[in-house]
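Undergrad: Below are the structure tokens for one structure; questions will follow.
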Amino acid sequence: MNNDVIFGINGPVITVKNAHSFAMGEMVYVGKERLVGEIIGVTDKLTTIQCYEETTGLRPGEPIEGTGAPMNVTLGPGILDNIFDGIERPLKEIAEQAGSFIARGCAVPSLDTSRLWKVTLTVKKGDKLQGGDIYATCQETQIIEHRCMVPPTLSGTITMVKPNGSYHVNDTVAELTDNDGNVHALSLCQRWPIRTPRPVKKHLPINIPLITGQRVIDTMFPIAKGGAAAIPGGFGTGKTMTQHQLAKWCDADIIIYVGCGERGNEMSQVLEEFSALIDPKSGRPMTDRTVLIANTSNMPVAAREASIYTGVTLAEYYRDMGYHVAMMADSTSRWAEALREISGRLEEMPAEEGFPAYLPSRLAEFYERAGMVETLNDKEGSVTLIGAVSPAGSDFSEPVTQNTKRFTRCFWALDKSLAYARHYPAINWMESYSEYFPELENWYNKNLGPEFVKYRKEINKILQEENSLMEIVKLIGSDVLPDDQKLIIETARVIRVGFLQQNAFHKEDTYVPLKKQELMMKVILYLYQKAKQLVSASVPISNILATGLFDKLIKMKYDIPNNRLDMFDDYMKEIDKAMAGIVTA
């Protein structure tokens with residue numbers, strides 16, 4: 001008989017007196033309704049539990065039941081094309097059973113146990129397997145093959161294999177006998193603790209970019225596969241929309257989208273958009289390679305804290321199969337607020353702005369799980385982490401933003417004034433940076449040629465010069481500037497509006513291949529160099545602007561289809577013709 005009972009309740013924090021049967025980090029069931037919880041503190045007198053469900057109605061004296069295992073998730077076929085809450089409960093099945101809101105103590109299996117999967121066994125009796133080795137495969141969706149792997153902690157010899165056929169996720173398809181003679185049943189699924197990173201053979205250099213089709217990112221501030229990026233921005237600056245664009249168009253094999261403490265209508269928008277969108281590479285629905293973890297702002301605060309770890313554990317699982325995974329966390333500020341609320345209820349000493357003193361180490365634990373790796377089964381896979389940050393009042397000096405900058409090497413700073421001017425993505429090119437570019441330079445040189453890097457440097461230089469000149473313009477106006485400086489301001493306008501600004505609702509501009517990005521830079525810089533020669537020959541800037549070329553280049557992102565890159569040659573010829581006409585006039 002279990003004698004451990006609730007002693008105190010403080011929101012999601014439950015205390016148990018004189019309990020000596022629980023271990024730190026153990027998953028437990030709380031109360032008669034068996035609410036899911038986790039042990040977060042153990043002393044000789046009190047055990048503290050963090051409850052992942054609403055605790056209203058719980059009473060002292062109700063039982064606590066331990067599981068003997070840490071907080072974990074089920075990993076197997078059926079994860080993709082699904083939507084879970086923060087502790088991997090399938091929301092579609094819950095909605096069918098309990099309606100629009102999650103009933104407390106709702107015990108629904110994470111994966112559909114009634115569904116049959118067509119399984120191909122890839123091992124035979126007598127094979128020696130190590131942790132991470134693949135023993136079975138099945139087609140999880142039309143575009144993703146699911147590879148069932150030996151749990152990382154197991155190794156031994158296959159002593160039984162079932163024939164190829166249709167199986168449920170919990171069916172035993174093979175048996176592995178370890179060196180001690182213990183027999184382990186291998187099914188299509190396994191469990192893994194969410195706070196423990198999955199082991200890898202070795203970490204690889206990060207030197208391949210994650211292509212997103214967004215010009216300001218791919219050209220100016222690229223992120224590498226296996227890298228970590230932060231998208232900080234105040235309310236209304238487009239964090240969620242930027243992450244939607246990255247999730248839709250980046251060249252990762254699998255997308256994990258975690259809505260952590262976001263508004264419910266935003267998550268429903270994600271669902272509607274992703275289910276309607278067709279993946280450009282496969283022609284299949286986007287949901288075939290997407291997992292959504294929805295933890296909206298009205299869900300229990302403790303589950304918000306767990307949702308980030310659930311998401312990254314799913315990402316590591318698919319990485320171990322040899323896939324490149326991108327995880328979007330929207331937003332880590334809401335996750336940090338959950339830490340702060342629980343810390344306050346635990347009566348811990350607050351640090352800066354009330355956040356717990358361990359906020360930096362928790363952020364580090366999360367972002368350090370990104371990386372390009374060689375898996376235990378000798379495949380290459382990666383997890384790229386892109387976390388949105390929501391600083392109050394767009395104040396980037398607050399603790400979550402500042403600590404995130406310590407652990408990410410890519411910083412896409414969203415600007416309120418750009419967003420209000422309808423310049424999207426509202427990434428400020430003066431405040432943002434990417435430390436990945438030096439490692440990615442060889443890739444750009446090899447795949448696009450050295451011109452791409454050269455054009456990028458020139459574009460950056462013009463934007464820097466314009467930023468300096470605008471300080472003067474604000475004071476005394478632009479009329480007093482010499483023509484060569486006016487030319488810099490006009491060229492920078494073309495770069496800002498025609499290149500950095502992008503329209504997510506235009507079919508030619510929502511995604512732009514790298515080659516088109518390079519040619520757009522080439523044409524802008526070609527016009528700049530030609531105009532610069534005329535200005536140095538004392539031709540008035542007004543005559544050059546009168547050709548309408550600068551405005552035409554702003555519109556080329558719409559006028560040149562992605563599959564008609566030969567049209568850029570016509571633009572170059574038109575520039576030559578117009579400039580020759582000015583000289584002869």
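Identifiers in this document derive from the order of the structure tokens: chains are assigned A, B, ..., residues are numbered from 1 separately in each chain, and ligands are numbered from 1 in order of occurrence.
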Could you find all residues in region 113-200 of chain A that DSSP calls strand (DSSP E or B) from the backbone, and write them as a count of residues only?
TA: 39
Undergrad: As a PDB file with N, CA and C atoms, in the first residue's frame, please: the residues near Leu75 (chain A) (cut-off 10 Å, only C-alpha atoms, same-chain neighbours under 3 positions excluded).
TA:
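Just written: out_0.pdb:
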ATOM      1  N   ASN A  72       9.677  11.185 -19.201  1.00  0.00           N
ATOM      2  CA  ASN A  72      10.151  10.752 -20.519  1.00  0.00           C
ATOM      3  C   ASN A  72       9.052  10.841 -21.561  1.00  0.00           C
ATOM      4  N   GLY A  78       4.531   7.614 -35.959  1.00  0.00           N
ATOM      5  CA  GLY A  78       3.287   8.271 -35.580  1.00  0.00           C
ATOM      6  C   GLY A  78       3.501   9.631 -34.963  1.00  0.00           C
ATOM      7  N   ILE A  79       4.770  10.001 -34.737  1.00  0.00           N
ATOM      8  CA  ILE A  79       5.060  11.334 -34.187  1.00  0.00           C
ATOM      9  C   ILE A  79       4.788  12.404 -35.240  1.00  0.00           C
ATOM     10  N   GLU A  88       3.790  15.579 -24.466  1.00  0.00           N
ATOM     11  CA  GLU A  88       3.576  14.593 -25.541  1.00  0.00           C
ATOM     12  C   GLU A  88       2.267  13.822 -25.397  1.00  0.00           C
ATOM     13  N   SER A 110       0.713   8.363 -26.178  1.00  0.00           N
ATOM     14  CA  SER A 110       1.301   9.374 -27.066  1.00  0.00           C
ATOM     15  C   SER A 110       1.174   8.970 -28.528  1.00  0.00           C
ATOM     16  N   LEU A 111       1.370   7.687 -28.815  1.00  0.00           N
ATOM     17  CA  LEU A 111       1.295   7.189 -30.188  1.00  0.00           C
ATOM     18  C   LEU A 111       0.083   6.280 -30.333  1.00  0.00           C
ATOM     19  N   CYS A 148      13.740   2.324 -36.838  1.00  0.00           N
ATOM     20  CA  CYS A 148      13.709   1.899 -35.431  1.00  0.00           C
ATOM     21  C   CYS A 148      15.126   1.520 -34.995  1.00  0.00           C
ATOM     22  N   VAL A 169       2.742  -0.349 -32.721  1.00  0.00           N
ATOM     23  CA  VAL A 169       3.980   0.244 -32.177  1.00  0.00           C
ATOM     24  C   VAL A 169       4.523  -0.531 -30.980  1.00  0.00           C
ATOM     25  N   LEU A 188       8.531  -1.255 -31.963  1.00  0.00           N
ATOM     26  CA  LEU A 188       8.733  -0.128 -32.885  1.00  0.00           C
ATOM     27  C   LEU A 188       8.986   1.175 -32.139  1.00  0.00           C
ATOM     28  N   CYS A 189       8.841   1.169 -30.811  1.00  0.00           N
ATOM     29  CA  CYS A 189       9.016   2.418 -30.056  1.00  0.00           C
ATOM     30  C   CYS A 189       9.944   2.209 -28.867  1.00  0.00           C
ATOM     31  N   GLN A 190      10.402   3.316 -28.306  1.00  0.00           N
ATOM     32  CA  GLN A 190      11.234   3.308 -27.103  1.00  0.00           C
ATOM     33  C   GLN A 190      10.903   4.561 -26.300  1.00  0.00           C
ATOM     34  N   ARG A 191      11.383   4.616 -25.074  1.00  0.00           N
ATOM     35  CA  ARG A 191      11.157   5.806 -24.238  1.00  0.00           C
ATOM     36  C   ARG A 191      12.506   6.442 -23.912  1.00  0.00           C
ATOM     37  N   TRP A 192      12.468   7.787 -23.755  1.00  0.00           N
ATOM     38  CA  TRP A 192      13.717   8.488 -23.454  1.00  0.00           C
ATOM     39  C   TRP A 192      13.430   9.680 -22.541  1.00  0.00           C
ATOM     40  N   THR A 313      13.978  16.665 -27.587  1.00  0.00           N
ATOM     41  CA  THR A 313      14.162  15.206 -27.530  1.00  0.00           C
ATOM     42  C   THR A 313      13.631  14.544 -28.796  1.00  0.00           C
ATOM     43  N   LEU A 314      12.466  14.987 -29.275  1.00  0.00           N
ATOM     44  CA  LEU A 314      11.942  14.470 -30.552  1.00  0.00           C
ATOM     45  C   LEU A 314      12.912  14.803 -31.688  1.00  0.00           C
ATOM     46  N   TYR A 317      15.860  12.488 -31.662  1.00  0.00           N
ATOM     47  CA  TYR A 317      15.483  11.144 -32.089  1.00  0.00           C
ATOM     48  C   TYR A 317      15.549  11.027 -33.614  1.00  0.00           C
ATOM     49  N   TYR A 318      15.003  12.009 -34.310  1.00  0.00           N
ATOM     50  CA  TYR A 318      15.054  11.978 -35.784  1.00  0.00           C
ATOM     51  C   TYR A 318      16.457  12.285 -36.298  1.00  0.00           C
TER      52      TYR A 318
END
Undergrad: When you count only C-alpha atoms, which of these residues is closest to Asp180 (chain A): A:Pro513, A:Gly165, A:Gly156, A:Pro205?
TA: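 Of A:Pro513, A:Gly165, A:Gly156, A:Pro205, the one nearest Asp180 (chain A), counting only C-alpha atoms, is A:Gly156.
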Undergrad: Between region 75-137 of chain A and region 257-276 of chain A, at 12 Å or less, what are the per-residue closest atom pairs and their distances in Å? Count only C-alpha atoms, order by chain and rising residue number, and return it as a tab-separated table.
TA:
residue	atom	partner	partner_atom	distance
A:Leu80	CA	A:Tyr257	CA	11.3
A:Asp81	CA	A:Ser275	CA	9.1
A:Asn82	CA	A:Leu271	CA	10.1
A:Ile83	CA	A:Leu271	CA	8.8
A:Phe84	CA	A:Val258	CA	9.4
A:Asp85	CA	A:Val258	CA	9.2
A:Gly86	CA	A:Cys260	CA	8.1
A:Ile87	CA	A:Val258	CA	11.6
A:Glu88	CA	A:Val258	CA	11.4
A:Lys92	CA	A:Leu271	CA	11.8
A:Ser100	CA	A:Gly264	CA	11.7
A:Phe101	CA	A:Gly264	CA	11.7
Undergrad: Could you write those residues out with N, CA, C and O atoms, as an mmCIF file, in the first residue's frame?
TA:
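Result file is out-v4.cif:
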data_model
loop_
_atom_site.group_PDB
_atom_site.id
_atom_site.type_symbol
_atom_site.label_atom_id
_atom_site.label_comp_id
_atom_site.auth_asym_id
_atom_site.auth_seq_id
_atom_site.Cartn_x
_atom_site.Cartn_y
_atom_site.Cartn_z
ATOM 1 N N LEU A 80 5.270 12.160 -36.474
ATOM 2 C CA LEU A 80 5.069 13.142 -37.539
ATOM 3 C C LEU A 80 3.595 13.271 -37.888
ATOM 4 O O LEU A 80 2.811 12.343 -37.684
ATOM 5 N N ASP A 81 3.239 14.441 -38.435
ATOM 6 C CA ASP A 81 1.844 14.731 -38.806
ATOM 7 C C ASP A 81 0.944 14.626 -37.578
ATOM 8 O O ASP A 81 -0.188 14.156 -37.661
ATOM 9 N N ASN A 82 1.480 15.070 -36.440
ATOM 10 C CA ASN A 82 0.705 15.003 -35.204
ATOM 11 C C ASN A 82 0.877 16.304 -34.443
ATOM 12 O O ASN A 82 1.784 17.084 -34.726
ATOM 13 N N ILE A 83 0.002 16.549 -33.489
ATOM 14 C CA ILE A 83 0.126 17.724 -32.622
ATOM 15 C C ILE A 83 -0.019 17.263 -31.181
ATOM 16 O O ILE A 83 -0.969 16.546 -30.832
ATOM 17 N N PHE A 84 0.978 17.628 -30.363
ATOM 18 C CA PHE A 84 1.033 17.197 -28.966
ATOM 19 C C PHE A 84 0.956 18.402 -28.043
ATOM 20 O O PHE A 84 1.192 19.540 -28.458
ATOM 21 N N ASP A 85 0.678 18.141 -26.751
ATOM 22 C CA ASP A 85 0.853 19.197 -25.754
ATOM 23 C C ASP A 85 2.284 19.112 -25.219
ATOM 24 O O ASP A 85 3.109 18.356 -25.746
ATOM 25 N N GLY A 86 2.582 19.871 -24.175
ATOM 26 C CA GLY A 86 3.961 19.979 -23.704
ATOM 27 C C GLY A 86 4.559 18.710 -23.149
ATOM 28 O O GLY A 86 5.783 18.599 -23.045
ATOM 29 N N ILE A 87 3.716 17.718 -22.778
ATOM 30 C CA ILE A 87 4.250 16.453 -22.251
ATOM 31 C C ILE A 87 3.885 15.288 -23.172
ATOM 32 O O ILE A 87 3.707 14.156 -22.720
ATOM 33 N N GLU A 88 3.790 15.579 -24.466
ATOM 34 C CA GLU A 88 3.576 14.593 -25.541
ATOM 35 C C GLU A 88 2.267 13.822 -25.397
ATOM 36 O O GLU A 88 2.230 12.610 -25.585
ATOM 37 N N LYS A 92 -5.279 15.689 -30.769
ATOM 38 C CA LYS A 92 -6.415 15.264 -31.609
ATOM 39 C C LYS A 92 -7.230 14.200 -30.876
ATOM 40 O O LYS A 92 -8.460 14.265 -30.821
ATOM 41 N N SER A 100 -12.917 20.414 -26.367
ATOM 42 C CA SER A 100 -11.938 21.448 -26.699
ATOM 43 C C SER A 100 -10.839 21.620 -25.645
ATOM 44 O O SER A 100 -9.767 22.106 -25.955
ATOM 45 N N PHE A 101 -11.121 21.291 -24.399
ATOM 46 C CA PHE A 101 -10.146 21.488 -23.335
ATOM 47 C C PHE A 101 -9.682 20.137 -22.789
ATOM 48 O O PHE A 101 -10.449 19.184 -22.720
#
Undergrad: List every residue of region 517-585 of chain A that DSSP, applied to the backbone of this structure, places in helix (DSSP H, G or I), and write the result as a PyMOL selection string.
TA: chain A and resi 517-536+541-545+549-554+556-559+567-584
Undergrad: What lies within 12 Å of Val583 (chain A) using only C-alpha atoms, ignoring chain neighbours under 4 positions off, as a PyMOL selection string?
TA: chain A and resi 530-531+533-535+537-540+543-544+576-579
Undergrad: Give me the residues near Asp112 (chain A) as number ranges by chain, where near means some atom within 9 Å (using only C-alpha atoms) and where sequence neighbours in that chain fewer than 2 positions away do not count.
TA: A: 77-78, 90, 93, 109-110, 114-115, 168-169
Undergrad: Take the selection from the previous step and output its residues with C-alpha atoms, as a compact mmCIF listing (two decimals), in the first residue's frame.
TA:
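File produced: result-v3.txt:
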# COMPACT_ATOMS: atom_id res chain seq x y z
CA PRO A 77 6.31 5.98 -35.74
CA GLY A 78 3.29 8.27 -35.58
CA PRO A 90 -1.84 13.83 -28.61
CA GLU A 93 -7.23 12.12 -29.59
CA PRO A 109 -1.11 7.02 -25.27
CA SER A 110 1.30 9.37 -27.07
CA SER A 114 -4.24 0.58 -32.77
CA ARG A 115 -2.57 1.64 -36.03
CA HIS A 168 1.48 -2.11 -33.84
CA VAL A 169 3.98 0.24 -32.18
Undergrad: I need the residue nearest Ile208 (chain A) from this list: A:Thr491, A:Gln464, A:Ser382, A:Thr237. Use only C-alpha atoms for the distance.
TA: A:Ser382
Undergrad: Which is closer to Val119 (chain A) than all the others in A:Val497, A:Cys138, A:Leu210, A:Ile6, using only C-alpha atoms?
TA: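 Ranked by minimum distance to Val119 (chain A), first place goes to A:Cys138.
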Undergrad: Hey, what's within 10 Å of Gln139 (chain A) if we count only C-alpha atoms and toss same-chain stuff fewer than 2 positions away? As an NGL selection string, please?
TA: :A and (77 or 117-120 or 137 or 141-147)
Undergrad: CA of Ile255 (chain A) and CA of Leu292 (chain A), how far apart in Å?
TA: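 Atom-to-atom, CA of Leu292 (chain A) to CA of Ile255 (chain A), that is 8.4 Å.
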Undergrad: Need to verify the contact set: Leu514 (chain A), 9 Å, only C-alpha atoms, exclusion of same-chain residues closer than 6 positions in sequence. Can you return it as a list in words?
TA: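 In the requested form, the answer reads Ile211, Gly213, Arg215, Asp218, Thr219 and Leu448 of chain A.
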Undergrad: With N, CA and C atoms kept, could you save the residues just selected as an mmCIF file, in the first residue's frame?
TA:
data_model
loop_
_atom_site.group_PDB
_atom_site.id
_atom_site.type_symbol
_atom_site.label_atom_id
_atom_site.label_comp_id
_atom_site.auth_asym_id
_atom_site.auth_seq_id
_atom_site.Cartn_x
_atom_site.Cartn_y
_atom_site.Cartn_z
ATOM 1 N N ILE A 211 19.565 26.567 -45.682
ATOM 2 C CA ILE A 211 19.019 27.463 -46.696
ATOM 3 C C ILE A 211 17.552 27.717 -46.391
ATOM 4 N N GLY A 213 15.717 30.526 -48.008
ATOM 5 C CA GLY A 213 15.025 31.263 -49.067
ATOM 6 C C GLY A 213 14.674 32.681 -48.672
ATOM 7 N N ARG A 215 16.168 36.276 -48.040
ATOM 8 C CA ARG A 215 17.421 36.922 -48.464
ATOM 9 C C ARG A 215 18.205 37.517 -47.302
ATOM 10 N N ASP A 218 19.788 34.278 -45.539
ATOM 11 C CA ASP A 218 20.752 33.482 -46.319
ATOM 12 C C ASP A 218 21.977 34.291 -46.723
ATOM 13 N N THR A 219 21.776 35.553 -47.102
ATOM 14 C CA THR A 219 22.882 36.369 -47.599
ATOM 15 C C THR A 219 23.588 37.121 -46.486
ATOM 16 N N LEU A 448 28.596 28.442 -55.009
ATOM 17 C CA LEU A 448 28.111 29.611 -55.746
ATOM 18 C C LEU A 448 29.237 30.406 -56.405
#
Undergrad: Would you mind telling me which residue in A:Lys225, A:Lys45, A:Arg406, A:Arg340 lies nearest to Asp251 (chain A) when using only C-alpha atoms?
TA: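 Closest candidate: A:Lys225.
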Undergrad: So which one's closest to Asn3 (chain A), A:Thr384, A:Pro356, A:Tyr52, A:Ile64? Using only C-alpha atoms, please.
TA: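 Checking each candidate against Asn3 (chain A), we get A:Ile64 as the closest.
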Undergrad: Show me, as a PDB file with C-alpha atoms, in the first residue's frame, the residues that have an atom within 10 Å of Ile102 (chain A) when counting only C-alpha atoms, minus same-chain residues fewer than 5 positions from it.
TA:
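Written out: around-v4.pdb:
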ATOM      1  CA  GLU A  53      -1.662  19.604 -15.053  1.00  0.00           C
ATOM      2  CA  GLU A  54      -4.151  21.961 -13.450  1.00  0.00           C
ATOM      3  CA  ASP A  85       0.853  19.197 -25.754  1.00  0.00           C
ATOM      4  CA  ARG A  89      -0.131  13.914 -25.170  1.00  0.00           C
ATOM      5  CA  LEU A  91      -4.311  16.709 -28.757  1.00  0.00           C
ATOM      6  CA  ILE A  94      -7.823  14.151 -26.432  1.00  0.00           C
ATOM      7  CA  ALA A  95     -10.224  16.445 -28.325  1.00  0.00           C
ATOM      8  CA  GLN A  97     -12.476  12.121 -25.910  1.00  0.00           C
ATOM      9  CA  MET A 299      -2.321  25.625 -20.354  1.00  0.00           C
TER      10      MET A 299
END
Undergrad: So that each row is one residue of region 454-545 of chain A with an atom at most 10 Å from region 423-444 of chain A, can you give its shortest atom pair and the distance in Å to one decimal, using only C-alpha atoms, rows by chain and rising number, as JSON lines?
TA:
{"residue": "A:Asn460", "atom": "CA", "partner": "A:Trp429", "partner_atom": "CA", "distance": 8.7}
{"residue": "A:Leu463", "atom": "CA", "partner": "A:Trp429", "partner_atom": "CA", "distance": 8.2}
{"residue": "A:Gln464", "atom": "CA", "partner": "A:Met430", "partner_atom": "CA", "distance": 7.7}
{"residue": "A:Asn467", "atom": "CA", "partner": "A:Met430", "partner_atom": "CA", "distance": 8.2}
{"residue": "A:Arg496", "atom": "CA", "partner": "A:His423", "partner_atom": "CA", "distance": 8.8}
{"residue": "A:Val497", "atom": "CA", "partner": "A:His423", "partner_atom": "CA", "distance": 7.8}
{"residue": "A:Leu500", "atom": "CA", "partner": "A:Pro425", "partner_atom": "CA", "distance": 7.8}
{"residue": "A:Gln501", "atom": "CA", "partner": "A:Tyr424", "partner_atom": "CA", "distance": 5.5}
{"residue": "A:Gln502", "atom": "CA", "partner": "A:Tyr424", "partner_atom": "CA", "distance": 5.9}
{"residue": "A:Asn503", "atom": "CA", "partner": "A:Tyr424", "partner_atom": "CA", "distance": 7.1}
{"residue": "A:Ala504", "atom": "CA", "partner": "A:Tyr424", "partner_atom": "CA", "distance": 8.4}
{"residue": "A:Leu514", "atom": "CA", "partner": "A:Tyr444", "partner_atom": "CA", "distance": 9.6}
Undergrad: Between CA of Gly233 (chain A) and CA of Ile489 (chain A), what is the spacing in Å?
TA: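 Interatomic distance here is 26.5 Å.
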